[in-house]
file structure17.pdb (PDB, C-alpha atoms and all ligand atoms)
ATOM      1  CA  MET U   1      21.776  11.547  26.351
ATOM      2  CA  ASN U   2      25.031  13.248  27.252
ATOM      3  CA  ILE U   3      25.930  15.087  24.077
ATOM      4  CA  TYR U   4      29.169  17.052  23.798
ATOM      5  CA  VAL U   5      30.473  19.343  21.070
ATOM      6  CA  LEU U   6      34.118  20.316  20.613
ATOM      7  CA  MET U   7      34.253  23.876  19.383
ATOM      8  CA  LYS U   8      37.201  25.935  18.236
ATOM      9  CA  LYS U   9      37.314  29.689  17.827
ATOM     10  CA  THR U  10      38.975  30.451  14.488
ATOM     11  CA  PHE U  11      39.938  33.407  12.368
ATOM     12  CA  ASP U  12      37.320  34.426   9.863
ATOM     13  CA  THR U  13      39.173  33.436   6.713
ATOM     14  CA  GLU U  14      36.713  35.466   4.615
ATOM     15  CA  GLU U  15      38.305  38.551   6.174
ATOM     16  CA  LYS U  16      41.784  39.845   5.320
ATOM     17  CA  ILE U  17      44.456  38.135   7.393
ATOM     18  CA  GLN U  18      47.618  40.042   8.303
ATOM     19  CA  ILE U  19      50.846  38.256   9.149
ATOM     20  CA  ASP U  20      53.458  40.034  11.214
ATOM     21  CA  GLY U  21      56.795  38.386  12.008
ATOM     22  CA  GLY U  22      55.500  34.933  11.025
ATOM     23  CA  VAL U  23      52.482  35.221  13.344
ATOM     24  CA  ILE U  24      48.877  35.941  12.376
ATOM     25  CA  GLU U  25      48.013  39.385  13.718
ATOM     26  CA  GLU U  26      45.086  39.006  16.151
ATOM     27  CA  GLU U  27      44.572  42.757  16.581
ATOM     28  CA  GLY U  28      41.579  43.738  14.438
ATOM     29  CA  ALA U  29      40.997  40.159  13.201
ATOM     30  CA  GLU U  30      37.465  38.760  13.157
ATOM     31  CA  PHE U  31      36.841  35.525  15.065
ATOM     32  CA  ILE U  32      34.075  33.026  14.446
ATOM     33  CA  ILE U  33      33.012  29.507  15.422
ATOM     34  CA  ASN U  34      34.922  27.117  13.169
ATOM     35  CA  PRO U  35      32.299  26.539  10.414
ATOM     36  CA  TYR U  36      32.493  22.726  10.693
ATOM     37  CA  ASP U  37      31.746  23.066  14.405
ATOM     38  CA  GLU U  38      28.498  24.841  13.502
ATOM     39  CA  TYR U  39      27.385  21.586  11.826
ATOM     40  CA  ALA U  40      28.389  19.772  15.023
ATOM     41  CA  ILE U  41      26.366  22.150  17.214
ATOM     42  CA  GLU U  42      23.311  21.917  14.952
ATOM     43  CA  GLU U  43      23.443  18.107  14.893
ATOM     44  CA  ALA U  44      23.891  17.960  18.673
ATOM     45  CA  ILE U  45      20.775  20.102  19.177
ATOM     46  CA  LYS U  46      18.786  17.849  16.823
ATOM     47  CA  ILE U  47      19.950  14.710  18.668
ATOM     48  CA  ARG U  48      18.905  16.269  21.974
ATOM     49  CA  ASP U  49      15.517  17.308  20.579
ATOM     50  CA  ASP U  50      14.895  13.776  19.216
ATOM     51  CA  HIS U  51      16.332  11.680  22.048
ATOM     52  CA  GLY U  52      16.389  13.985  25.089
ATOM     53  CA  GLY U  53      19.412  14.893  27.174
ATOM     54  CA  GLU U  54      21.760  17.830  27.245
ATOM     55  CA  VAL U  55      24.216  19.503  24.871
ATOM     56  CA  THR U  56      27.492  20.796  26.334
ATOM     57  CA  VAL U  57      29.869  22.771  24.129
ATOM     58  CA  VAL U  58      33.524  22.621  25.160
ATOM     59  CA  THR U  59      36.406  24.756  23.978
ATOM     60  CA  VAL U  60      40.070  25.079  24.829
ATOM     61  CA  GLY U  61      40.789  28.735  24.327
ATOM     62  CA  ASP U  62      41.057  32.173  25.884
ATOM     63  CA  GLU U  63      38.729  34.680  27.569
ATOM     64  CA  GLU U  64      37.481  35.890  24.167
ATOM     65  CA  SER U  65      36.261  32.370  23.272
ATOM     66  CA  GLU U  66      33.319  33.146  25.588
ATOM     67  CA  GLN U  67      31.751  35.052  22.717
ATOM     68  CA  GLN U  68      31.663  31.984  20.445
ATOM     69  CA  LEU U  69      30.432  29.827  23.346
ATOM     70  CA  ARG U  70      27.551  32.279  23.952
ATOM     71  CA  THR U  71      26.670  32.016  20.254
ATOM     72  CA  ALA U  72      26.526  28.214  20.583
ATOM     73  CA  LEU U  73      24.260  28.628  23.626
ATOM     74  CA  ALA U  74      22.095  31.050  21.649
ATOM     75  CA  MET U  75      21.764  28.450  18.879
ATOM     76  CA  GLY U  76      20.338  26.070  21.496
ATOM     77  CA  ALA U  77      23.141  24.302  23.379
ATOM     78  CA  ASP U  78      22.432  23.895  27.107
ATOM     79  CA  LYS U  79      25.824  24.435  28.717
ATOM     80  CA  ALA U  80      29.268  25.686  27.778
ATOM     81  CA  VAL U  81      32.716  24.977  29.155
ATOM     82  CA  LEU U  82      35.772  27.113  28.542
ATOM     83  CA  VAL U  83      39.136  25.661  29.445
ATOM     84  CA  ASN U  84      41.072  28.891  29.584
ATOM     85  CA  THR U  85      44.790  28.332  28.976
ATOM     86  CA  GLU U  86      45.634  32.023  28.578
ATOM     87  CA  ASP U  87      47.575  32.404  31.834
ATOM     88  CA  ASP U  88      49.233  28.993  31.845
ATOM     89  CA  LEU U  89      50.485  28.408  28.330
ATOM     90  CA  GLU U  90      51.672  30.522  25.466
ATOM     91  CA  ASP U  91      51.567  28.047  22.614
ATOM     92  CA  GLY U  92      49.607  24.882  22.278
ATOM     93  CA  ASP U  93      49.359  22.315  19.528
ATOM     94  CA  GLN U  94      47.093  19.361  18.811
ATOM     95  CA  TYR U  95      48.808  17.376  21.565
ATOM     96  CA  SER U  96      48.102  20.128  24.126
ATOM     97  CA  THR U  97      44.464  20.491  23.096
ATOM     98  CA  VAL U  98      43.797  16.740  23.135
ATOM     99  CA  ARG U  99      45.609  16.283  26.467
ATOM    100  CA  ILE U 100      43.410  18.996  28.003
ATOM    101  CA  LEU U 101      40.209  17.583  26.500
ATOM    102  CA  GLU U 102      41.170  14.082  27.636
ATOM    103  CA  ALA U 103      41.522  15.353  31.208
ATOM    104  CA  TYR U 104      38.188  17.168  30.956
ATOM    105  CA  PHE U 105      36.356  14.039  29.754
ATOM    106  CA  GLU U 106      38.043  11.727  32.270
ATOM    107  CA  ASP U 107      35.123  11.801  34.725
ATOM    108  CA  LYS U 108      32.331  12.432  32.200
ATOM    109  CA  ASP U 109      29.705   9.954  31.163
ATOM    110  CA  VAL U 110      29.661  10.465  27.400
ATOM    111  CA  ASP U 111      27.147   9.172  24.849
ATOM    112  CA  ILE U 112      28.319  11.131  21.836
ATOM    113  CA  ILE U 113      30.958  13.778  21.087
ATOM    114  CA  LEU U 114      30.632  15.833  17.911
ATOM    115  CA  ALA U 115      33.623  17.716  16.511
ATOM    116  CA  GLY U 116      34.311  19.529  13.273
ATOM    117  CA  ASN U 117      35.929  17.624  10.447
ATOM    118  CA  VAL U 118      38.760  20.130  10.417
ATOM    119  CA  ALA U 119      39.505  23.598  11.778
ATOM    120  CA  ILE U 120      39.707  26.106   8.917
ATOM    121  CA  ASP U 121      42.818  27.789  10.329
ATOM    122  CA  GLU U 122      45.308  25.128  11.380
ATOM    123  CA  ALA U 123      43.471  22.378   9.516
ATOM    124  CA  SER U 124      45.124  19.266  10.920
ATOM    125  CA  GLY U 125      41.865  17.358  11.475
ATOM    126  CA  GLN U 126      43.559  15.624  14.393
ATOM    127  CA  VAL U 127      41.712  16.704  17.504
ATOM    128  CA  GLY U 128      38.569  14.551  17.160
ATOM    129  CA  PRO U 129      40.217  11.235  16.236
ATOM    130  CA  ARG U 130      43.058  11.678  18.733
ATOM    131  CA  LEU U 131      40.608  12.396  21.546
ATOM    132  CA  ALA U 132      38.468   9.356  20.670
ATOM    133  CA  ASP U 133      41.597   7.228  20.766
ATOM    134  CA  LYS U 134      42.499   8.559  24.221
ATOM    135  CA  LEU U 135      38.949   7.940  25.488
ATOM    136  CA  ASP U 136      38.973   4.494  23.892
ATOM    137  CA  ILE U 137      35.723   5.026  21.983
ATOM    138  CA  PRO U 138      35.052   4.507  18.252
ATOM    139  CA  TYR U 139      35.121   7.478  15.878
ATOM    140  CA  VAL U 140      33.763   8.152  12.415
ATOM    141  CA  THR U 141      35.009  11.147  10.407
ATOM    142  CA  THR U 142      33.436  13.448   7.778
ATOM    143  CA  ILE U 143      29.878  12.405   8.510
ATOM    144  CA  THR U 144      26.978  13.686   6.387
ATOM    145  CA  ASN U 145      24.108  11.765   8.020
ATOM    146  CA  LEU U 146      23.524  10.279  11.459
ATOM    147  CA  GLU U 147      20.710   8.056  12.744
ATOM    148  CA  ILE U 148      20.618   6.863  16.340
ATOM    149  CA  GLY U 149      18.379   3.934  17.349
ATOM    150  CA  GLY U 150      19.026   2.911  20.949
ATOM    151  CA  GLU U 151      22.718   2.093  21.207
ATOM    152  CA  ASP U 152      23.058   1.558  17.456
ATOM    153  CA  VAL U 153      24.204   4.288  15.142
ATOM    154  CA  LYS U 154      24.013   4.363  11.358
ATOM    155  CA  ILE U 155      26.226   6.913   9.659
ATOM    156  CA  VAL U 156      26.760   8.085   6.112
ATOM    157  CA  ARG U 157      30.185   9.627   5.560
ATOM    158  CA  ASP U 158      31.681  11.596   2.740
ATOM    159  CA  VAL U 159      34.623   9.920   1.096
ATOM    160  CA  GLU U 160      35.957  12.446  -1.391
ATOM    161  CA  GLY U 161      32.537  12.946  -3.006
ATOM    162  CA  ASP U 162      31.405   9.315  -2.691
ATOM    163  CA  GLU U 163      29.408   7.977   0.248
ATOM    164  CA  GLU U 164      30.148   5.228   2.715
ATOM    165  CA  THR U 165      27.627   3.822   5.196
ATOM    166  CA  VAL U 166      28.972   2.771   8.569
ATOM    167  CA  GLU U 167      27.240   1.040  11.467
ATOM    168  CA  THR U 168      28.606   1.514  14.943
ATOM    169  CA  SER U 169      27.408   2.072  18.503
ATOM    170  CA  LEU U 170      27.422   4.569  21.350
ATOM    171  CA  PRO U 171      29.520   5.926  23.012
ATOM    172  CA  LEU U 172      30.996   7.473  19.907
ATOM    173  CA  LEU U 173      32.870  10.464  18.501
ATOM    174  CA  VAL U 174      32.041  11.845  15.060
ATOM    175  CA  THR U 175      33.539  14.663  13.001
ATOM    176  CA  CYS U 176      31.071  16.686  10.970
ATOM    177  CA  GLN U 177      31.250  17.493   7.281
ATOM    178  CA  GLN U 178      29.444  20.077   5.165
ATOM    179  CA  GLY U 179      26.051  18.713   4.035
ATOM    180  CA  LEU U 180      25.209  17.150   7.414
ATOM    181  CA  ASN U 181      22.631  19.853   8.131
ATOM    182  CA  GLU U 182      21.898  23.562   7.772
ATOM    183  CA  PRO U 183      23.126  25.275  10.962
ATOM    184  CA  ARG U 184      20.509  27.611  12.401
ATOM    185  CA  TYR U 185      21.129  31.279  13.168
ATOM    186  CA  PRO U 186      20.669  32.235  16.804
ATOM    187  CA  SER U 187      17.213  33.775  17.282
ATOM    188  CA  LEU U 188      16.652  36.877  19.409
ATOM    189  CA  PRO U 189      14.965  34.868  22.231
ATOM    190  CA  GLY U 190      17.872  32.397  21.896
ATOM    191  CA  ILE U 191      20.376  35.218  22.404
ATOM    192  CA  MET U 192      18.476  36.467  25.467
ATOM    193  CA  LYS U 193      18.261  32.952  26.969
ATOM    194  CA  ALA U 194      21.956  32.309  26.281
ATOM    195  CA  LYS U 195      22.953  35.053  28.716
ATOM    196  CA  LYS U 196      21.514  33.006  31.579
ATOM    197  CA  LYS U 197      22.771  29.575  30.518
ATOM    198  CA  PRO U 198      25.692  28.099  32.479
ATOM    199  CA  LEU U 199      29.193  28.812  31.178
ATOM    200  CA  GLU U 200      31.799  27.062  33.294
ATOM    201  CA  GLU U 201      35.353  28.352  33.193
ATOM    202  CA  LEU U 202      38.195  25.990  34.064
ATOM    203  CA  GLU U 203      41.956  26.322  34.186
ATOM    204  CA  LEU U 204      44.631  23.641  33.895
ATOM    205  CA  ASP U 205      44.764  23.370  37.665
ATOM    206  CA  ASP U 206      41.100  22.361  37.818
ATOM    207  CA  LEU U 207      41.915  19.422  35.540
ATOM    208  CA  ASP U 208      44.910  18.362  37.638
ATOM    209  CA  LEU U 209      47.241  19.387  34.836
ATOM    210  CA  ASP U 210      50.257  21.630  34.852
ATOM    211  CA  GLU U 211      52.129  23.354  32.037
ATOM    212  CA  ASP U 212      54.573  20.474  31.563
ATOM    213  CA  ASP U 213      51.745  17.972  31.033
ATOM    214  CA  VAL U 214      50.406  19.875  28.043
ATOM    215  CA  GLU U 215      53.582  21.315  26.576
ATOM    216  CA  ALA U 216      53.348  21.349  22.766
ATOM    217  CA  LYS U 217      55.129  18.523  20.937
ATOM    218  CA  THR U 218      55.416  20.475  17.702
ATOM    219  CA  GLU U 219      56.545  23.961  16.824
ATOM    220  CA  THR U 220      55.197  26.062  13.965
ATOM    221  CA  VAL U 221      58.329  27.478  12.369
ATOM    222  CA  GLU U 222      56.823  29.700   9.732
ATOM    223  CA  VAL U 223      53.439  30.964   8.604
ATOM    224  CA  PHE U 224      53.064  32.862   5.322
ATOM    225  CA  LEU U 225      50.380  33.891   2.887
ATOM    226  CA  PRO U 226      50.381  32.415  -0.624
ATOM    227  CA  PRO U 227      51.850  34.731  -3.283
ATOM    228  CA  GLU U 228      49.303  37.135  -4.718
ATOM    229  CA  LYS U 229      47.796  35.901  -7.964
ATOM    230  CA  GLU U 230      48.740  37.909 -11.023
ATOM    231  CA  ALA U 231      45.868  39.247 -13.111
ATOM    232  CA  GLY U 232      44.895  36.973 -16.007
ATOM    233  CA  ARG U 233      45.695  38.016 -19.565
ATOM    234  CA  VAL U 234      42.906  38.324 -22.144
ATOM    235  CA  LEU U 235      43.958  37.415 -25.688
ATOM    236  CA  GLU U 236      42.445  39.403 -28.504
ATOM    237  CA  GLY U 237      42.108  39.177 -32.278
ATOM    238  CA  GLU U 238      41.004  36.370 -34.572
ATOM    239  CA  THR U 239      40.444  32.988 -32.890
ATOM    240  CA  GLU U 240      43.184  31.382 -35.002
ATOM    241  CA  ASP U 241      45.695  34.049 -33.925
ATOM    242  CA  GLN U 242      44.613  33.727 -30.297
ATOM    243  CA  VAL U 243      45.222  29.974 -30.385
ATOM    244  CA  LYS U 244      48.712  30.502 -31.867
ATOM    245  CA  GLU U 245      49.545  33.102 -29.227
ATOM    246  CA  LEU U 246      48.185  30.874 -26.447
ATOM    247  CA  VAL U 247      50.314  27.919 -27.568
ATOM    248  CA  SER U 248      53.351  30.172 -27.817
ATOM    249  CA  LEU U 249      52.738  31.597 -24.304
ATOM    250  CA  LEU U 250      52.260  28.118 -22.852
ATOM    251  CA  LYS U 251      55.662  27.199 -24.313
ATOM    252  CA  THR U 252      57.677  30.347 -23.601
ATOM    253  CA  GLU U 253      56.097  31.827 -20.455
ATOM    254  CA  ALA U 254      54.247  29.096 -18.610
ATOM    255  CA  LYS U 255      56.730  26.491 -19.902
ATOM    256  CA  VAL U 256      54.135  23.737 -19.629
ATOM    257  CA  LEU U 257      54.387  22.527 -23.245
TER     258      LEU U 257
HETATM  259  C1  LIG N 301      47.986  27.020  25.147
HETATM  260  C2  LIG N 301      47.279  26.986  23.869
HETATM  261  C3  LIG N 301      47.390  28.100  23.039
HETATM  262  C4  LIG N 301      46.746  28.089  21.821
HETATM  263  N1  LIG N 301      46.839  29.192  21.037
HETATM  264  C5  LIG N 301      46.157  29.234  19.891
HETATM  265  C6  LIG N 301      46.168  30.390  19.043
HETATM  266  O1  LIG N 301      46.818  31.387  19.358
HETATM  267  N2  LIG N 301      45.441  30.390  17.902
HETATM  268  C7  LIG N 301      44.710  29.297  17.541
HETATM  269  O2  LIG N 301      44.058  29.332  16.504
HETATM  270  N3  LIG N 301      44.695  28.167  18.306
HETATM  271  C8  LIG N 301      45.378  28.140  19.453
HETATM  272  N4  LIG N 301      45.326  27.020  20.240
HETATM  273  C9  LIG N 301      44.545  25.916  19.790
HETATM  274  C10 LIG N 301      45.386  24.803  19.196
HETATM  275  O3  LIG N 301      46.436  25.230  18.407
HETATM  276  C11 LIG N 301      44.435  23.988  18.352
HETATM  277  O4  LIG N 301      43.299  23.708  19.103
HETATM  278  C12 LIG N 301      45.003  22.659  17.975
HETATM  279  O5  LIG N 301      46.227  22.797  17.416
HETATM  280  C13 LIG N 301      44.018  22.015  17.012
HETATM  281  O6  LIG N 301      44.550  21.960  15.740
HETATM  282  P1  LIG N 301      43.710  22.230  14.465
HETATM  283  O7  LIG N 301      43.308  23.641  14.411
HETATM  284  O8  LIG N 301      44.479  21.672  13.357
HETATM  285  O9  LIG N 301      42.353  21.432  14.750
HETATM  286  P2  LIG N 301      41.638  20.287  13.954
HETATM  287  O10 LIG N 301      42.072  18.992  14.505
HETATM  288  O11 LIG N 301      41.710  20.533  12.480
HETATM  289  O12 LIG N 301      40.157  20.597  14.454
HETATM  290  C14 LIG N 301      39.117  19.655  14.231
HETATM  291  C15 LIG N 301      38.081  19.825  15.287
HETATM  292  O13 LIG N 301      38.629  19.564  16.578
HETATM  293  C16 LIG N 301      38.001  20.402  17.549
HETATM  294  N5  LIG N 301      38.970  21.355  18.120
HETATM  295  C17 LIG N 301      40.132  21.816  17.575
HETATM  296  N6  LIG N 301      40.717  22.687  18.411
HETATM  297  C18 LIG N 301      39.932  22.777  19.505
HETATM  298  C19 LIG N 301      39.985  23.533  20.703
HETATM  299  N7  LIG N 301      40.994  24.374  20.948
HETATM  300  N8  LIG N 301      38.996  23.376  21.620
HETATM  301  C20 LIG N 301      37.943  22.516  21.389
HETATM  302  N9  LIG N 301      37.835  21.794  20.256
HETATM  303  C21 LIG N 301      38.807  21.932  19.336
HETATM  304  C22 LIG N 301      36.907  21.157  16.785
HETATM  305  O14 LIG N 301      35.736  20.401  16.809
HETATM  306  C23 LIG N 301      37.474  21.206  15.383
HETATM  307  O15 LIG N 301      36.506  21.397  14.379
HETATM  308  C24 LIG N 301      45.970  26.968  21.432
HETATM  309  C25 LIG N 301      45.873  25.860  22.260
HETATM  310  C26 LIG N 301      46.505  25.861  23.478
HETATM  311  C27 LIG N 301      46.396  24.660  24.367
END

call {"tool": "encode", "arguments": {"input": "structure17.pdb", "output": "structure tokens", "more": "lines below"}}
Ligand SMILES: Cc1cc2nc3c(=O)[nH]c(=O)nc-3n(C[C@H](O)[C@H](O)[C@H](O)COP(=O)(O)OP(=O)(O)OC[C@H]3O[C@@H](n4cnc5c(N)ncnc54)[C@H](O)[C@@H]3O)c2cc1C
result
Amino acid sequence: MNIYVLMKKTFDTEEKIQIDGGVIEEEGAEFIINPYDEYAIEEAIKIRDDHGGEVTVVTVGDEESEQQLRTALAMGADKAVLVNTEDDLEDGDQYSTVRILEAYFEDKDVDIILAGNVAIDEASGQVGPRLADKLDIPYVTTITNLEIGGEDVKIVRDVEGDEETVETSLPLLVTCQQGLNEPRYPSLPGIMKAKKKPLEELELDDLDLDEDDVEAKTETVEVFLPPEKEAGRVLEGETEDQVKELVSLLKTEAKVL
């Protein structure tokens, strides 16, 4: 099977994020594989191990994205592709990314593409479904279970805590949700092997695209951190007095009563 994973390098949101002049400061920031893409990589490896074939991880990014691609290879993917837009474009949006991926997949024979449900930084959840639409293949989002039998695919998806079962067929694009699997950590032999696995680097030119073709359709006008939370207040004294004070504070300070 020809199994593809869409992977995005994201900021580690567990780390402190600095914003300077409306832009997230990259200097000193930690970068990781988008966590939902780790579920996609894990599932792709399992599909390959059960049904045969090859897992290719694709990212649209910069030179530094090589690090996350090598991690995916160390987990067990077979090949990686970096479409490096660093020299050609300053800002991209979902349109740019999908246009580039569409061009990449134009001459590929795809059985299944696995993406993350959402990227934890920009969080639009658009890339997977928009790409499937461009490739004219079905897509199922937020999947938590996947069974492939020949061309037929049975999927369980998360619908806000409930489950929905969907039957569809290959070729297919899915977006992966937490609970689908437990992504493995790269093993030491995996890390050693990853150094020798193929990592293809492409530029827009190689995909017969130029800057105008992928120019962003949207502009991010402002990025800001939420206001810092004030420390909570602990009420003291007799329970009856605390209740009175709480009601009074809800009326006078919080103004919710
Ligand atoms: C020229 C250019 C410059 C860019 N500069 C930056 C930047 O500085 N910082 C930054 O964070 N992003 C950058 N991007 C990436 C781009 O902004 C995002 O890929 C795009 O907007 C996706 O939006 P999202 O994060 O909401 O993804 P979502 O749609 O929420 O992501 C869902 C899933 O789609 C897939 N996906 C998303 N993005 C990519 C990708 N790039 N490659 C492969 N698969 C992907 C993943 O599987 C992901 O889990 C740039 C892109 C281009 C073309």

call {"tool": "atom_distance", "arguments": {"input": "structure17.pdb", "atom1": "CA of Leu202 (chain U)", "atom2": "atom N4 of ligand LIG 301 (chain N)"}}
result
15.6 Å

call {"tool": "resolve_selection", "arguments": {"input": "structure17.pdb", "expression": "the PyMOL selection byres (((chain U and resi 18) around 12) and not hetatm)", "output": "mmCIF file with C-alpha atoms, in the coordinates of the input"}}
result
data_model
loop_
_atom_site.group_PDB
_atom_site.id
_atom_site.type_symbol
_atom_site.label_atom_id
_atom_site.label_comp_id
_atom_site.auth_asym_id
_atom_site.auth_seq_id
_atom_site.Cartn_x
_atom_site.Cartn_y
_atom_site.Cartn_z
ATOM 1 C CA PHE U 11 39.938 33.407 12.368
ATOM 2 C CA ASP U 12 37.320 34.426 9.863
ATOM 3 C CA THR U 13 39.173 33.436 6.713
ATOM 4 C CA GLU U 15 38.305 38.551 6.174
ATOM 5 C CA LYS U 16 41.784 39.845 5.320
ATOM 6 C CA ILE U 17 44.456 38.135 7.393
ATOM 7 C CA ILE U 19 50.846 38.256 9.149
ATOM 8 C CA ASP U 20 53.458 40.034 11.214
ATOM 9 C CA GLY U 21 56.795 38.386 12.008
ATOM 10 C CA GLY U 22 55.500 34.933 11.025
ATOM 11 C CA VAL U 23 52.482 35.221 13.344
ATOM 12 C CA ILE U 24 48.877 35.941 12.376
ATOM 13 C CA GLU U 25 48.013 39.385 13.718
ATOM 14 C CA GLU U 26 45.086 39.006 16.151
ATOM 15 C CA GLU U 27 44.572 42.757 16.581
ATOM 16 C CA GLY U 28 41.579 43.738 14.438
ATOM 17 C CA ALA U 29 40.997 40.159 13.201
ATOM 18 C CA GLU U 30 37.465 38.760 13.157
ATOM 19 C CA VAL U 223 53.439 30.964 8.604
ATOM 20 C CA PHE U 224 53.064 32.862 5.322
ATOM 21 C CA LEU U 225 50.380 33.891 2.887
#

call {"tool": "atom_distance", "arguments": {"input": "structure17.pdb", "atom1": "CA of Gly179 (chain U)", "atom2": "atom C20 of ligand LIG 301 (chain N)"}}
result
21.4 Å

call {"tool": "closest_atom_pairs", "arguments": {"input": "structure17.pdb", "of": "chain U", "to": "ligand LIG 301 (chain N)", "cutoff": "6 Å", "atoms": "only C-alpha atoms and all ligand atoms", "output": "tab-separated table"}}
result
residue	atom	partner	partner_atom	distance
U:Leu6	CA	N:LIG301	N9	4.0
U:Met7	CA	N:LIG301	N9	4.2
U:Lys8	CA	N:LIG301	C18	4.4
U:Thr10	CA	N:LIG301	O2	5.6
U:Tyr36	CA	N:LIG301	O15	5.6
U:Asp37	CA	N:LIG301	O15	5.0
U:Val58	CA	N:LIG301	C20	5.8
U:Thr59	CA	N:LIG301	C20	3.8
U:Val60	CA	N:LIG301	N8	3.8
U:Gly61	CA	N:LIG301	N7	5.5
U:Thr85	CA	N:LIG301	C1	5.2
U:Leu89	CA	N:LIG301	C1	4.3
U:Glu90	CA	N:LIG301	C1	5.1
U:Asp91	CA	N:LIG301	C3	4.2
U:Gly92	CA	N:LIG301	C26	3.5
U:Asp93	CA	N:LIG301	O5	3.8
U:Gln94	CA	N:LIG301	O5	3.8
U:Ser96	CA	N:LIG301	C27	4.8
U:Thr97	CA	N:LIG301	C27	4.8
U:Ala115	CA	N:LIG301	O14	3.4
U:Gly116	CA	N:LIG301	O15	3.1
U:Asn117	CA	N:LIG301	C14	5.3
U:Val118	CA	N:LIG301	O11	3.6
U:Ala119	CA	N:LIG301	O11	3.8
U:Asp121	CA	N:LIG301	O7	5.8
U:Glu122	CA	N:LIG301	O7	3.9
U:Ala123	CA	N:LIG301	O11	3.9
U:Ser124	CA	N:LIG301	O8	3.5
U:Gly125	CA	N:LIG301	O11	3.3
U:Gln126	CA	N:LIG301	O10	3.7
U:Val127	CA	N:LIG301	O10	3.8
U:Gly128	CA	N:LIG301	O13	5.0

call {"tool": "residues_around", "arguments": {"input": "structure17.pdb", "residues": "Leu114 (chain U)", "least_positions_apart": "2", "cutoff": "10 Å", "atoms": "all atoms listed in the file", "output": "JSON, numbers by chain"}}
result
{"U": [3, 4, 5, 6, 7, 37, 39, 40, 41, 42, 43, 44, 57, 112, 116, 117, 128, 139, 140, 141, 172, 173, 174, 175, 176]}

call {"tool": "atom_distance", "arguments": {"input": "structure17.pdb", "atom1": "CA of Pro183 (chain U)", "atom2": "CA of Ile45 (chain U)"}}
result
10.0 Å

call {"tool": "resolve_selection", "arguments": {"input": "structure17.pdb", "expression": "the PyMOL selection byres (((chain U and resi 134) around 12) and not hetatm)", "output": "number ranges by chain"}}
result
U: 95, 98-106, 127-133, 135-139, 173

call {"tool": "write_last_selection", "arguments": {"input": "structure17.pdb", "atoms": "C-alpha atoms", "output": "PDB file, in the frame of the given file"}}
result
ATOM      1  CA  TYR U  95      48.808  17.376  21.565  1.00  0.00           C
ATOM      2  CA  VAL U  98      43.797  16.740  23.135  1.00  0.00           C
ATOM      3  CA  ARG U  99      45.609  16.283  26.467  1.00  0.00           C
ATOM      4  CA  ILE U 100      43.410  18.996  28.003  1.00  0.00           C
ATOM      5  CA  LEU U 101      40.209  17.583  26.500  1.00  0.00           C
ATOM      6  CA  GLU U 102      41.170  14.082  27.636  1.00  0.00           C
ATOM      7  CA  ALA U 103      41.522  15.353  31.208  1.00  0.00           C
ATOM      8  CA  TYR U 104      38.188  17.168  30.956  1.00  0.00           C
ATOM      9  CA  PHE U 105      36.356  14.039  29.754  1.00  0.00           C
ATOM     10  CA  GLU U 106      38.043  11.727  32.270  1.00  0.00           C
ATOM     11  CA  VAL U 127      41.712  16.704  17.504  1.00  0.00           C
ATOM     12  CA  GLY U 128      38.569  14.551  17.160  1.00  0.00           C
ATOM     13  CA  PRO U 129      40.217  11.235  16.236  1.00  0.00           C
ATOM     14  CA  ARG U 130      43.058  11.678  18.733  1.00  0.00           C
ATOM     15  CA  LEU U 131      40.608  12.396  21.546  1.00  0.00           C
ATOM     16  CA  ALA U 132      38.468   9.356  20.670  1.00  0.00           C
ATOM     17  CA  ASP U 133      41.597   7.228  20.766  1.00  0.00           C
ATOM     18  CA  LEU U 135      38.949   7.940  25.488  1.00  0.00           C
ATOM     19  CA  ASP U 136      38.973   4.494  23.892  1.00  0.00           C
ATOM     20  CA  ILE U 137      35.723   5.026  21.983  1.00  0.00           C
ATOM     21  CA  PRO U 138      35.052   4.507  18.252  1.00  0.00           C
ATOM     22  CA  TYR U 139      35.121   7.478  15.878  1.00  0.00           C
ATOM     23  CA  LEU U 173      32.870  10.464  18.501  1.00  0.00           C
TER      24      LEU U 173
END

call {"tool": "residues_around", "arguments": {"input": "structure17.pdb", "residues": "Asn2 (chain U)", "least_positions_apart": "6", "cutoff": "7 Å", "atoms": "all atoms listed in the file", "output": "JSON, numbers by chain"}}
result
{"U": [53, 54, 55, 109, 110, 111, 112]}

call {"tool": "residues_around", "arguments": {"input": "structure17.pdb", "residues": "Thr71 (chain U)", "least_positions_apart": "3", "cutoff": "9 Å", "atoms": "all atoms listed in the file", "output": "ChimeraX atom specification"}}
result
/U:33,66-68,74-76,186,190-191,194

call {"tool": "closest_residue", "arguments": {"input": "structure17.pdb", "among": "U:Leu249, U:Val221, U:Gln178, U:Ser187", "to": "Arg233 (chain U)", "atoms": "all atoms listed in the file"}}
result
U:Leu249

call {"tool": "axis_aligned_box", "arguments": {"input": "structure17.pdb", "around": "region 12-28 of chain U", "padding_each_side": "4 Å", "output": "lines of an AutoDock Vina configuration file"}}
result
center_x = 46.8
center_y = 38.6
center_z = 10.6
size_x = 28.1
size_y = 18.3
size_z = 20.0

call {"tool": "resolve_selection", "arguments": {"input": "structure17.pdb", "expression": "the PyMOL selection byres (((chain U and resi 154) around 9) and not hetatm)", "output": "list in words"}}
result
Asn145, Leu146, Glu147, Ile148, Gly149, Asp152, Val153, Ile155, Val156, Thr165, Val166, Glu167, Thr168 and Ser169 of chain U

call {"tool": "residues_around", "arguments": {"input": "structure17.pdb", "residues": "Glu64 (chain U)", "least_positions_apart": "6", "cutoff": "10 Å", "atoms": "all atoms listed in the file", "output": "ChimeraX atom specification"}}
result
/U:9,31,82,84
